[in-house]
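Worksheet: the structure to be examined is printed underneath.
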Amino acid sequence: MKDNPGVKLAVNVGGLALATPMLVASGTYGWGTEFEEIEGFSSAAISGIVLKGTTLERREGNRTPRIVETAGGAGILNAIGLENPGVEYVVKHYLPRLKDVKARVIANVAGATVEEYAEVTSRLAGEARIDAVEVNVSCPNVKRGGMQFGADADVCGQVVRGCRKATRKPLIVKLSPNVTDIRPIAGAAVDAGADVLTIANTVLGTAVDVRTRRPILGNVSGGLSGPAVKPIALQKVMEVACWLKSEGLKTPVIASGGIMTGEDALEFMVAGARAFAIGTVLFADVKAPERIMNEMRDLLAELGVTDVNDVVGTLQLS
Amino acid sequence: MGGQETATVVESRRLGPNHVRLKLRAPGVALRSLPGQFVNVRCTPLAFAARTFDDWETFRRSRRTTEPQPPATLLMRPFAVYRRWPNGPDGGHIEILFKIVGRGTDALARKRPGETLDLVGPLGTGFDLDWCRRLRKAVVVAGGVGLAPLHPLVEYLREHDVDTLVIVGAIREEDVPLETADSRVTLSFMSTEPEVTITCEEYERLGCGLGIVTLEGTRGYKGLPTEMLDRFLHRREAGGHGEMAVFACGPWGMMREVARHAAEHDVRCQVLLEERMGCGVGACMACTCRTKGRTGEVVRKRICVDGPVFEAGEVVWDEG
């Protein structure tokens, strides 16, 4: 990373101290070590790794194809279906590999029932290597255990309450953008004990092959990510941040949705996010973490900002 | 695993209406790529990355251009390393061979010498070379552009004096991704087939047999590549099961049939699977395939890192 000693980048999200505001989003960074295998890849700018969504038992996931790029390279649709080897395997085989990783490690928890969410949270949060837990109530690609929990404020509240009882570590709730009004769901998550909100998961979409007259994705529908969703996520972040403020709540927001550049990231922070997660950009540019952080530092310096926290929620709406 | 490098286009050659051979200066990949491995290629420049401050002028200029630009791509695209020259005077070169099928390959087909593109590689787990070089005979079955990842294997097999027959199957003539000619040919072990008169200079030089099969019969034999494979496996001299192998890459249905024929003749078979990929490094779980676990359960494996080469008997073929 370029040296811009004048700019302070450390942030604190709900008790989770981060060296930079940059995290990597669940599902895009595997179990935290895969990208490190690429020579020249630098994870130095990444302050928090959100692990792949984990369930109690192993899940095989959806049929392939599971990924397709959308027109003009504006985004990608994915429908992995929470493929994971189950929580015990994750604890036994994947967490030890993260022993020497400097970044914070955040588990991502999914389930088919309120009890499963709580059980997986308890198992993962009990591990010293796990610094926080993100509750995934927004995966669009599984019939049970995903978005349906995050589409209803009451159900979302129940899931979060269960997880809250299972751990005292910072609890993050990742919300879906596929709802009429995100604010009541954000409110239910905060009421139930969420320390942080991640906004947002992918946007529902599909792709059709006119020659075969079939959907391209094995799962028919998938979640859209990448630059195409950035305005949607940005609006949701702004909406929730403004609402939290109006309610007198200090719950921090982690932004996620199509961040490709340092400027994109700062837009989210201005709109009210305390930190941000990158994801899809990693599949386009393996230098993205370093590049985005450099771009952000340079832009902050250019704007005369010495502490990144000073831009959070500075959007002028009147 | 490999790293990222910026490659320079050295040569772009159209091969019939559908195929392109793109030669790139890419010393890192050229030096290290093993048969069966691939590279992830960024087919169009990252327009989003150009919104950085150093590149701001370049970005603005690119917006003013009046030339039609190919649509942008986001994901990198995986391509087999078709050929490589590790010791070029200006650093190693590689060649990729691809069929134009969509935005990414369309953009790549427009690349001209001197243009640059980013790639990451070599990636993936290739063929088990310790085993390959001890073979006596090998049949390599390619479905169309499935030839691309098999070509380095053919070269490797011939370097180690493995008697090799390459069968290229396609729908019609223009789907055969080879420069062939009609002339006399001497095949190492297909010599009982005097009607084969298609030659490919490269394969002649390598000293391996070449059989071309098209479904429409517009080039070579009319039929399926598996029919030629089956005839060969039936005629094969008795014994030597352990010394022979079949390799395949092509459409799913073709590989499944090749696997079935090989299994029927008790010949070990390896296939090179293809799938739409995300990260290429095993993180996103987009390209997983179903394999048989030790106790019969289905185990998902990642084509990008656990493969792309798999034992044919390990793959669960019923998912089409």
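Residues are referred to by chain and number: the chain letter is A, B, ... according to the order shown in the structure tokens, the number counts from 1 in that chain, and ligands are numbered separately from 1 in the order shown.
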At most 12 Å is the cut-off: for each residue in region 166-195 of chain A with any atom that close to an atom of region 98-121 of chain A, write down the nearest atom pair and the distance in Å rounded to one decimal, counting only C-alpha atoms, chain first then increasing number, as a tab-separated table.
residue	atom	partner	partner_atom	distance
A:Ala166	CA	A:Ala118	CA	5.9
A:Thr167	CA	A:Thr121	CA	7.0
A:Arg168	CA	A:Thr121	CA	10.4
A:Lys169	CA	A:Thr121	CA	10.0
A:Pro170	CA	A:Ile106	CA	9.3
A:Leu171	CA	A:Ile106	CA	9.5
A:Ile172	CA	A:Asn108	CA	9.0
A:Val173	CA	A:Asn108	CA	9.4
A:Lys174	CA	A:Asn108	CA	9.1
* To do: List the neighbours of Phe41 (chain A) out to 12 Å using only C-alpha atoms; skip same-chain residues closer than 3 positions along the sequence, and give me the result as a PyMOL selection string.
  => (chain A and resi 33-38+44-46+282+285-291) or (chain B and resi 1-5+120+281)
Those selected residues, please, written with C-alpha atoms and delivered as a CSV table (one decimal), in the first residue's frame.
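Output (part-v3.csv):
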chain,number,residue,atom,x,y,z
A,33,THR,CA,-6.9,-18.6,2.4
A,34,GLU,CA,-7.7,-19.4,-1.2
A,35,PHE,CA,-6.8,-16.0,-2.7
A,36,GLU,CA,-3.5,-16.0,-0.8
A,37,GLU,CA,-2.3,-18.8,-3.0
A,38,ILE,CA,-2.1,-16.4,-5.9
A,44,ALA,CA,-2.9,-6.4,3.6
A,45,ALA,CA,-5.8,-3.9,3.1
A,46,ILE,CA,-8.4,-6.4,4.2
A,282,LEU,CA,-12.2,-10.0,-6.6
A,285,ASP,CA,-9.2,-8.0,-10.4
A,286,VAL,CA,-7.1,-9.9,-8.0
A,287,LYS,CA,-5.3,-6.7,-7.1
A,288,ALA,CA,-8.6,-5.1,-5.9
A,289,PRO,CA,-8.0,-5.0,-2.2
A,290,GLU,CA,-4.8,-3.1,-2.5
A,291,ARG,CA,-6.0,-0.9,-5.3
B,1,MET,CA,-0.6,-21.5,-8.0
B,2,GLY,CA,0.4,-18.8,-10.4
B,3,GLY,CA,0.3,-15.1,-10.2
B,4,GLN,CA,-1.0,-12.2,-12.1
B,5,GLU,CA,0.9,-10.9,-15.1
B,120,VAL,CA,-3.7,-15.0,-13.7
B,281,VAL,CA,-9.0,-20.1,-7.1
* Neighbour list for Thr202 (chain A) as a PyMOL selection string, cut-off 12 Å, only C-alpha atoms, skip fewer than 5 positions in-chain -> chain A and resi 25-27+75-79+136-141+146-147+174-179+221-230+232-233+256-258+279-280
Expected answer as a short mmCIF file (atom, residue, chain, number, x, y, z; two decimals) with N, CA, C and O atoms, in the first residue's frame: helix (DSSP H, G or I) residues in region 135-268 of chain A:
data_model
loop_
_atom_site.label_atom_id
_atom_site.label_comp_id
_atom_site.auth_asym_id
_atom_site.auth_seq_id
_atom_site.Cartn_x
_atom_site.Cartn_y
_atom_site.Cartn_z
N MET A 147 -33.46 -16.03 2.45
CA MET A 147 -34.13 -14.75 2.39
C MET A 147 -35.46 -14.73 3.14
O MET A 147 -35.86 -13.69 3.63
N GLN A 148 -36.14 -15.86 3.19
CA GLN A 148 -37.46 -15.82 3.82
C GLN A 148 -37.36 -15.39 5.29
O GLN A 148 -38.29 -14.79 5.82
N PHE A 149 -36.20 -15.69 5.90
CA PHE A 149 -36.01 -15.25 7.28
C PHE A 149 -35.80 -13.73 7.36
O PHE A 149 -36.08 -13.11 8.36
N GLY A 150 -35.25 -13.21 6.26
CA GLY A 150 -34.93 -11.79 6.28
C GLY A 150 -36.00 -10.93 5.64
O GLY A 150 -35.89 -9.71 5.61
N ALA A 153 -40.07 -9.04 9.28
CA ALA A 153 -39.45 -8.43 10.46
C ALA A 153 -39.53 -9.34 11.70
O ALA A 153 -38.55 -9.49 12.43
N ASP A 154 -40.69 -9.98 11.91
CA ASP A 154 -40.86 -10.83 13.10
C ASP A 154 -39.93 -12.03 13.05
O ASP A 154 -39.26 -12.35 14.05
N VAL A 155 -39.91 -12.71 11.88
CA VAL A 155 -39.06 -13.90 11.75
C VAL A 155 -37.59 -13.51 11.87
O VAL A 155 -36.80 -14.19 12.54
N CYS A 156 -37.23 -12.41 11.24
CA CYS A 156 -35.85 -11.92 11.33
C CYS A 156 -35.49 -11.69 12.80
O CYS A 156 -34.42 -12.10 13.26
N GLY A 157 -36.41 -11.06 13.52
CA GLY A 157 -36.18 -10.80 14.95
C GLY A 157 -35.97 -12.08 15.73
O GLY A 157 -35.07 -12.16 16.57
N GLN A 158 -36.77 -13.10 15.43
CA GLN A 158 -36.63 -14.38 16.14
C GLN A 158 -35.27 -15.00 15.90
O GLN A 158 -34.61 -15.50 16.82
N VAL A 159 -34.84 -15.00 14.63
CA VAL A 159 -33.54 -15.60 14.29
C VAL A 159 -32.43 -14.86 15.02
O VAL A 159 -31.56 -15.47 15.65
N VAL A 160 -32.48 -13.54 14.96
CA VAL A 160 -31.41 -12.74 15.57
C VAL A 160 -31.41 -12.91 17.09
O VAL A 160 -30.35 -13.04 17.71
N ARG A 161 -32.61 -12.98 17.69
CA ARG A 161 -32.69 -13.16 19.15
C ARG A 161 -32.03 -14.48 19.55
O ARG A 161 -31.27 -14.54 20.51
N GLY A 162 -32.30 -15.52 18.76
CA GLY A 162 -31.71 -16.83 19.03
C GLY A 162 -30.19 -16.77 18.96
O GLY A 162 -29.48 -17.33 19.81
N CYS A 163 -29.68 -16.10 17.96
CA CYS A 163 -28.22 -15.99 17.78
C CYS A 163 -27.61 -15.12 18.88
O CYS A 163 -26.51 -15.39 19.36
N ARG A 164 -28.35 -14.07 19.24
CA ARG A 164 -27.87 -13.16 20.28
C ARG A 164 -27.65 -13.91 21.60
O ARG A 164 -26.64 -13.69 22.30
N LYS A 165 -28.57 -14.82 21.90
CA LYS A 165 -28.43 -15.60 23.13
C LYS A 165 -27.24 -16.54 23.07
O LYS A 165 -26.70 -16.95 24.08
N ALA A 166 -26.84 -16.89 21.83
CA ALA A 166 -25.78 -17.88 21.65
C ALA A 166 -24.38 -17.29 21.72
O ALA A 166 -23.40 -18.02 21.81
N ILE A 182 -37.00 -1.92 3.86
CA ILE A 182 -35.94 -2.58 4.63
C ILE A 182 -35.91 -2.10 6.09
O ILE A 182 -35.39 -2.78 6.97
N ARG A 183 -36.51 -0.92 6.37
CA ARG A 183 -36.35 -0.32 7.69
C ARG A 183 -36.97 -1.13 8.83
O ARG A 183 -36.30 -1.34 9.86
N PRO A 184 -38.20 -1.64 8.68
CA PRO A 184 -38.75 -2.45 9.79
C PRO A 184 -37.92 -3.70 10.07
O PRO A 184 -37.81 -4.13 11.22
N ILE A 185 -37.30 -4.25 9.03
CA ILE A 185 -36.49 -5.46 9.21
C ILE A 185 -35.18 -5.10 9.91
O ILE A 185 -34.74 -5.80 10.83
N ALA A 186 -34.60 -3.98 9.50
CA ALA A 186 -33.40 -3.49 10.19
C ALA A 186 -33.74 -3.22 11.66
O ALA A 186 -32.96 -3.58 12.56
N GLY A 187 -34.90 -2.62 11.88
CA GLY A 187 -35.32 -2.31 13.24
C GLY A 187 -35.50 -3.57 14.09
O GLY A 187 -35.06 -3.62 15.24
N ALA A 188 -36.10 -4.59 13.48
CA ALA A 188 -36.31 -5.85 14.21
C ALA A 188 -34.98 -6.49 14.56
O ALA A 188 -34.80 -7.04 15.66
N ALA A 189 -34.01 -6.41 13.64
CA ALA A 189 -32.69 -6.99 13.89
C ALA A 189 -32.01 -6.25 15.05
O ALA A 189 -31.42 -6.88 15.94
N VAL A 190 -32.11 -4.93 15.05
CA VAL A 190 -31.47 -4.13 16.11
C VAL A 190 -32.16 -4.41 17.45
O VAL A 190 -31.50 -4.63 18.47
N ASP A 191 -33.51 -4.44 17.44
CA ASP A 191 -34.26 -4.74 18.67
C ASP A 191 -33.87 -6.09 19.25
O ASP A 191 -33.86 -6.29 20.46
N PRO A 227 -21.20 -4.12 -10.15
CA PRO A 227 -21.54 -2.71 -10.35
C PRO A 227 -23.04 -2.47 -10.56
O PRO A 227 -23.56 -1.42 -10.18
N ALA A 228 -23.72 -3.43 -11.18
CA ALA A 228 -25.16 -3.25 -11.46
C ALA A 228 -25.97 -2.98 -10.20
O ALA A 228 -26.98 -2.27 -10.26
N VAL A 229 -25.58 -3.52 -9.08
CA VAL A 229 -26.40 -3.38 -7.87
C VAL A 229 -25.96 -2.22 -6.98
O VAL A 229 -26.61 -1.93 -5.98
N LYS A 230 -24.87 -1.56 -7.34
CA LYS A 230 -24.34 -0.53 -6.45
C LYS A 230 -25.36 0.56 -6.10
O LYS A 230 -25.53 0.87 -4.92
N PRO A 231 -26.08 1.09 -7.09
CA PRO A 231 -27.06 2.14 -6.72
C PRO A 231 -28.14 1.64 -5.77
O PRO A 231 -28.61 2.39 -4.91
N ILE A 232 -28.51 0.36 -5.93
CA ILE A 232 -29.55 -0.21 -5.07
C ILE A 232 -29.02 -0.31 -3.63
O ILE A 232 -29.67 0.13 -2.68
N ALA A 233 -27.84 -0.88 -3.49
CA ALA A 233 -27.25 -1.04 -2.16
C ALA A 233 -26.99 0.32 -1.51
O ALA A 233 -27.23 0.52 -0.32
N LEU A 234 -26.53 1.26 -2.34
CA LEU A 234 -26.23 2.61 -1.83
C LEU A 234 -27.49 3.27 -1.27
O LEU A 234 -27.48 3.88 -0.19
N GLN A 235 -28.59 3.09 -1.99
CA GLN A 235 -29.85 3.66 -1.54
C GLN A 235 -30.31 3.02 -0.23
O GLN A 235 -30.77 3.69 0.68
N LYS A 236 -30.14 1.68 -0.14
CA LYS A 236 -30.56 0.97 1.08
C LYS A 236 -29.71 1.41 2.27
O LYS A 236 -30.22 1.58 3.39
N VAL A 237 -28.42 1.56 2.03
CA VAL A 237 -27.52 2.00 3.11
C VAL A 237 -27.95 3.38 3.59
O VAL A 237 -28.08 3.64 4.79
N MET A 238 -28.19 4.27 2.63
CA MET A 238 -28.60 5.63 2.98
C MET A 238 -29.91 5.61 3.77
O MET A 238 -30.03 6.26 4.81
N GLU A 239 -30.85 4.83 3.26
CA GLU A 239 -32.18 4.77 3.88
C GLU A 239 -32.09 4.26 5.32
O GLU A 239 -32.67 4.85 6.24
N VAL A 240 -31.34 3.18 5.51
CA VAL A 240 -31.24 2.59 6.85
C VAL A 240 -30.44 3.51 7.78
O VAL A 240 -30.83 3.73 8.93
N ALA A 241 -29.35 4.06 7.24
CA ALA A 241 -28.51 4.94 8.09
C ALA A 241 -29.31 6.15 8.56
O ALA A 241 -29.23 6.54 9.74
N CYS A 242 -30.08 6.74 7.64
CA CYS A 242 -30.90 7.90 8.01
C CYS A 242 -31.94 7.51 9.05
O CYS A 242 -32.19 8.24 10.02
N TRP A 243 -32.54 6.34 8.84
CA TRP A 243 -33.59 5.90 9.75
C TRP A 243 -33.02 5.60 11.14
O TRP A 243 -33.60 6.00 12.16
N LEU A 244 -31.86 4.93 11.17
CA LEU A 244 -31.22 4.63 12.46
C LEU A 244 -30.96 5.93 13.22
O LEU A 244 -31.23 6.04 14.41
N LYS A 245 -30.46 6.92 12.49
CA LYS A 245 -30.14 8.21 13.09
C LYS A 245 -31.42 8.87 13.64
O LYS A 245 -31.43 9.37 14.77
N SER A 246 -32.48 8.79 12.84
CA SER A 246 -33.73 9.43 13.27
C SER A 246 -34.32 8.73 14.50
O SER A 246 -35.07 9.34 15.27
N GLY A 262 -12.12 2.78 -4.95
CA GLY A 262 -12.06 3.49 -3.68
C GLY A 262 -13.16 4.55 -3.58
O GLY A 262 -13.70 4.81 -2.51
N GLU A 263 -13.48 5.14 -4.72
CA GLU A 263 -14.53 6.16 -4.74
C GLU A 263 -15.90 5.53 -4.42
O GLU A 263 -16.69 6.10 -3.66
N ASP A 264 -16.15 4.35 -5.02
CA ASP A 264 -17.38 3.62 -4.69
C ASP A 264 -17.49 3.43 -3.18
O ASP A 264 -18.53 3.66 -2.56
N ALA A 265 -16.39 2.97 -2.58
CA ALA A 265 -16.39 2.68 -1.15
C ALA A 265 -16.71 3.93 -0.33
O ALA A 265 -17.50 3.90 0.61
N LEU A 266 -16.10 5.05 -0.75
CA LEU A 266 -16.33 6.29 0.00
C LEU A 266 -17.77 6.78 -0.15
O LEU A 266 -18.33 7.36 0.78
N GLU A 267 -18.35 6.54 -1.33
CA GLU A 267 -19.76 6.92 -1.50
C GLU A 267 -20.62 6.24 -0.44
O GLU A 267 -21.50 6.85 0.15
N PHE A 268 -20.36 4.95 -0.22
CA PHE A 268 -21.11 4.22 0.79
C PHE A 268 -20.87 4.78 2.19
O PHE A 268 -21.78 4.84 3.01
#
* To do: Counting only C-alpha atoms, collect the residues of chain A whose closest atom lies at most 7 Å from chain B, and write them out as a PyMOL selection string.
  => chain A and resi 27-30+34-35+37-40+60+65-67+69+72-75+80+260-261+283-284+295
Requested write-out: N, CA and C atoms of the selected residues, as a PDB file, in the first residue's frame:
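What landed in part_24.pdb:
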ATOM      1  N   GLY A  27     -18.807 -15.624   0.969  1.00  0.00           N
ATOM      2  CA  GLY A  27     -19.050 -16.347  -0.273  1.00  0.00           C
ATOM      3  C   GLY A  27     -18.122 -15.963  -1.410  1.00  0.00           C
ATOM      4  N   THR A  28     -17.422 -14.839  -1.251  1.00  0.00           N
ATOM      5  CA  THR A  28     -16.530 -14.411  -2.329  1.00  0.00           C
ATOM      6  C   THR A  28     -15.069 -14.675  -1.991  1.00  0.00           C
ATOM      7  N   TYR A  29     -14.828 -15.082  -0.758  1.00  0.00           N
ATOM      8  CA  TYR A  29     -13.451 -15.219  -0.295  1.00  0.00           C
ATOM      9  C   TYR A  29     -13.231 -16.583   0.367  1.00  0.00           C
ATOM     10  N   GLY A  30     -14.118 -17.523   0.036  1.00  0.00           N
ATOM     11  CA  GLY A  30     -13.980 -18.896   0.504  1.00  0.00           C
ATOM     12  C   GLY A  30     -13.818 -18.994   2.003  1.00  0.00           C
ATOM     13  N   GLU A  34      -7.817 -19.032   0.188  1.00  0.00           N
ATOM     14  CA  GLU A  34      -7.711 -19.402  -1.235  1.00  0.00           C
ATOM     15  C   GLU A  34      -6.988 -18.346  -2.071  1.00  0.00           C
ATOM     16  N   PHE A  35      -7.377 -17.089  -1.897  1.00  0.00           N
ATOM     17  CA  PHE A  35      -6.766 -16.039  -2.718  1.00  0.00           C
ATOM     18  C   PHE A  35      -5.288 -15.854  -2.398  1.00  0.00           C
ATOM     19  N   GLU A  37      -3.154 -17.922  -2.210  1.00  0.00           N
ATOM     20  CA  GLU A  37      -2.332 -18.819  -3.025  1.00  0.00           C
ATOM     21  C   GLU A  37      -1.837 -18.151  -4.305  1.00  0.00           C
ATOM     22  N   ILE A  38      -2.514 -17.078  -4.705  1.00  0.00           N
ATOM     23  CA  ILE A  38      -2.078 -16.379  -5.915  1.00  0.00           C
ATOM     24  C   ILE A  38      -0.844 -15.561  -5.587  1.00  0.00           C
ATOM     25  N   GLU A  39       0.206 -15.781  -6.355  1.00  0.00           N
ATOM     26  CA  GLU A  39       1.432 -15.022  -6.117  1.00  0.00           C
ATOM     27  C   GLU A  39       1.175 -13.536  -6.361  1.00  0.00           C
ATOM     28  N   GLY A  40       1.634 -12.728  -5.446  1.00  0.00           N
ATOM     29  CA  GLY A  40       1.475 -11.288  -5.618  1.00  0.00           C
ATOM     30  C   GLY A  40       0.165 -10.751  -5.077  1.00  0.00           C
ATOM     31  N   GLU A  60     -24.989 -29.602  -0.188  1.00  0.00           N
ATOM     32  CA  GLU A  60     -24.383 -29.831  -1.499  1.00  0.00           C
ATOM     33  C   GLU A  60     -24.518 -28.610  -2.398  1.00  0.00           C
ATOM     34  N   PRO A  65     -25.153 -24.692 -14.085  1.00  0.00           N
ATOM     35  CA  PRO A  65     -24.290 -23.539 -13.821  1.00  0.00           C
ATOM     36  C   PRO A  65     -24.770 -22.727 -12.611  1.00  0.00           C
ATOM     37  N   ARG A  66     -23.787 -22.245 -11.893  1.00  0.00           N
ATOM     38  CA  ARG A  66     -24.084 -21.483 -10.677  1.00  0.00           C
ATOM     39  C   ARG A  66     -23.723 -20.019 -10.814  1.00  0.00           C
ATOM     40  N   ILE A  67     -23.150 -19.654 -11.938  1.00  0.00           N
ATOM     41  CA  ILE A  67     -22.720 -18.268 -12.096  1.00  0.00           C
ATOM     42  C   ILE A  67     -22.864 -17.863 -13.551  1.00  0.00           C
ATOM     43  N   GLU A  69     -22.463 -14.098 -16.059  1.00  0.00           N
ATOM     44  CA  GLU A  69     -22.248 -12.655 -16.121  1.00  0.00           C
ATOM     45  C   GLU A  69     -23.433 -11.998 -16.825  1.00  0.00           C
ATOM     46  N   GLY A  72     -23.124  -6.496 -20.672  1.00  0.00           N
ATOM     47  CA  GLY A  72     -22.152  -5.421 -20.563  1.00  0.00           C
ATOM     48  C   GLY A  72     -21.175  -5.594 -19.418  1.00  0.00           C
ATOM     49  N   GLY A  73     -21.146  -6.775 -18.829  1.00  0.00           N
ATOM     50  CA  GLY A  73     -20.257  -7.006 -17.702  1.00  0.00           C
ATOM     51  C   GLY A  73     -20.652  -6.191 -16.485  1.00  0.00           C
ATOM     52  N   ALA A  74     -21.939  -5.844 -16.424  1.00  0.00           N
ATOM     53  CA  ALA A  74     -22.399  -4.979 -15.335  1.00  0.00           C
ATOM     54  C   ALA A  74     -22.522  -5.723 -14.019  1.00  0.00           C
ATOM     55  N   GLY A  75     -22.671  -7.011 -14.082  1.00  0.00           N
ATOM     56  CA  GLY A  75     -22.824  -7.754 -12.837  1.00  0.00           C
ATOM     57  C   GLY A  75     -22.699  -9.241 -13.056  1.00  0.00           C
ATOM     58  N   ILE A  80     -25.187 -20.346  -5.759  1.00  0.00           N
ATOM     59  CA  ILE A  80     -24.353 -21.437  -5.240  1.00  0.00           C
ATOM     60  C   ILE A  80     -25.214 -22.356  -4.380  1.00  0.00           C
ATOM     61  N   MET A 260     -16.277  -1.296  -6.651  1.00  0.00           N
ATOM     62  CA  MET A 260     -15.185  -1.608  -7.577  1.00  0.00           C
ATOM     63  C   MET A 260     -13.988  -0.694  -7.373  1.00  0.00           C
ATOM     64  N   THR A 261     -14.221   0.475  -6.785  1.00  0.00           N
ATOM     65  CA  THR A 261     -13.146   1.460  -6.646  1.00  0.00           C
ATOM     66  C   THR A 261     -13.184   2.087  -5.247  1.00  0.00           C
ATOM     67  N   PHE A 283     -13.256 -11.181  -8.369  1.00  0.00           N
ATOM     68  CA  PHE A 283     -13.270 -12.108  -9.514  1.00  0.00           C
ATOM     69  C   PHE A 283     -12.853 -11.402 -10.795  1.00  0.00           C
ATOM     70  N   ALA A 284     -12.787 -10.082 -10.744  1.00  0.00           N
ATOM     71  CA  ALA A 284     -12.427  -9.316 -11.926  1.00  0.00           C
ATOM     72  C   ALA A 284     -10.989  -8.827 -11.824  1.00  0.00           C
ATOM     73  N   GLU A 295      -6.772   3.806  -3.648  1.00  0.00           N
ATOM     74  CA  GLU A 295      -7.642   4.820  -4.253  1.00  0.00           C
ATOM     75  C   GLU A 295      -8.374   5.603  -3.162  1.00  0.00           C
TER      76      GLU A 295
END
* region 218-220 of chain B surroundings by only C-alpha atoms, 8 Å radius, close-in-sequence under 4 positions cut, as a ChimeraX atom specification -> /B:172-173,196,198,211-214
Residues from the last selection, C-alpha atoms, saved as a tab-separated table (two decimals), in the first residue's frame:
chain	number	residue	atom	x	y	z
B	172	ARG	CA	-19.16	-30.10	-38.94
B	173	GLU	CA	-15.95	-29.14	-40.65
B	196	VAL	CA	-7.69	-41.85	-43.27
B	198	ILE	CA	-6.40	-36.10	-43.33
B	211	GLY	CA	-8.65	-39.23	-36.55
B	212	ILE	CA	-11.23	-36.63	-37.45
B	213	VAL	CA	-14.89	-37.44	-37.04
B	214	THR	CA	-17.76	-35.10	-37.86
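Secondary structure by DSSP on the backbone puts the following residues of region 232-267 of chain A in strand (DSSP E or B): Val253, Ile254, Ala255 and Ser256 of chain A.
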Any chance you can output those residues with N, CA, C and O atoms as an mmCIF file, in the first residue's frame?
data_model
loop_
_atom_site.group_PDB
_atom_site.id
_atom_site.type_symbol
_atom_site.label_atom_id
_atom_site.label_comp_id
_atom_site.auth_asym_id
_atom_site.auth_seq_id
_atom_site.Cartn_x
_atom_site.Cartn_y
_atom_site.Cartn_z
ATOM 1 N N VAL A 253 -23.281 0.396 10.179
ATOM 2 C CA VAL A 253 -23.643 -0.342 8.970
ATOM 3 C C VAL A 253 -22.381 -0.714 8.189
ATOM 4 O O VAL A 253 -21.478 0.113 8.033
ATOM 5 N N ILE A 254 -22.340 -1.963 7.742
ATOM 6 C CA ILE A 254 -21.307 -2.394 6.797
ATOM 7 C C ILE A 254 -21.975 -2.412 5.431
ATOM 8 O O ILE A 254 -22.994 -3.075 5.247
ATOM 9 N N ALA A 255 -21.411 -1.668 4.477
ATOM 10 C CA ALA A 255 -22.003 -1.605 3.143
ATOM 11 C C ALA A 255 -21.440 -2.712 2.275
ATOM 12 O O ALA A 255 -20.267 -3.066 2.371
ATOM 13 N N SER A 256 -22.288 -3.251 1.424
ATOM 14 C CA SER A 256 -21.846 -4.287 0.506
ATOM 15 C C SER A 256 -22.720 -4.232 -0.730
ATOM 16 O O SER A 256 -23.936 -4.284 -0.641
#
* To do: Write out as a list of chain:residue names each polymer residue whose atoms come within 7 Å of region 162-167 of chain B, counting only C-alpha atoms; drop sequence neighbours fewer than 2 positions from it.
  => B:Arg133, B:Leu135, B:Arg136, B:Lys137, B:Ala138, B:Val139, B:Val140, B:Val141, B:Ala142, B:Leu157, B:Arg158, B:His160, B:Gly169, B:Cys208, B:Gly209, B:Leu210, B:Gly211, B:Ile212, B:Pro225
* Asked: How many Å lie between CA of Thr180 (chain A) and CA of Pro21 (chain A), rounded to one decimal?
  -> 28.7 Å
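With only C-alpha atoms as the atoms that count, the minimum distance from Pro152 (chain B) to the choices B:Asn87, B:Gln37, B:Thr125, B:Thr105 is reached by B:Gln37.
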* To do: Compile the contact shell of Val220 (chain A) as a ChimeraX atom specification: residues with an atom at most 8 Å away, counting only C-alpha atoms, same-chain residues fewer than 5 positions apart removed.
  => /A:206-207,215
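When the distance limit is 12 Å and only C-alpha atoms are what count, the residues near Leu303 (chain A), minus those fewer than 5 positions from it on the same chain, are A:Val7, A:Glu263, A:Leu266, A:Met296, A:Arg297, A:Asp298, A:Val308, A:Asp310, A:Val311.
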* Structure fact -> The distance between CA of Gly91 (chain B) and CA of Ser12 (chain B) is 18.0 Å
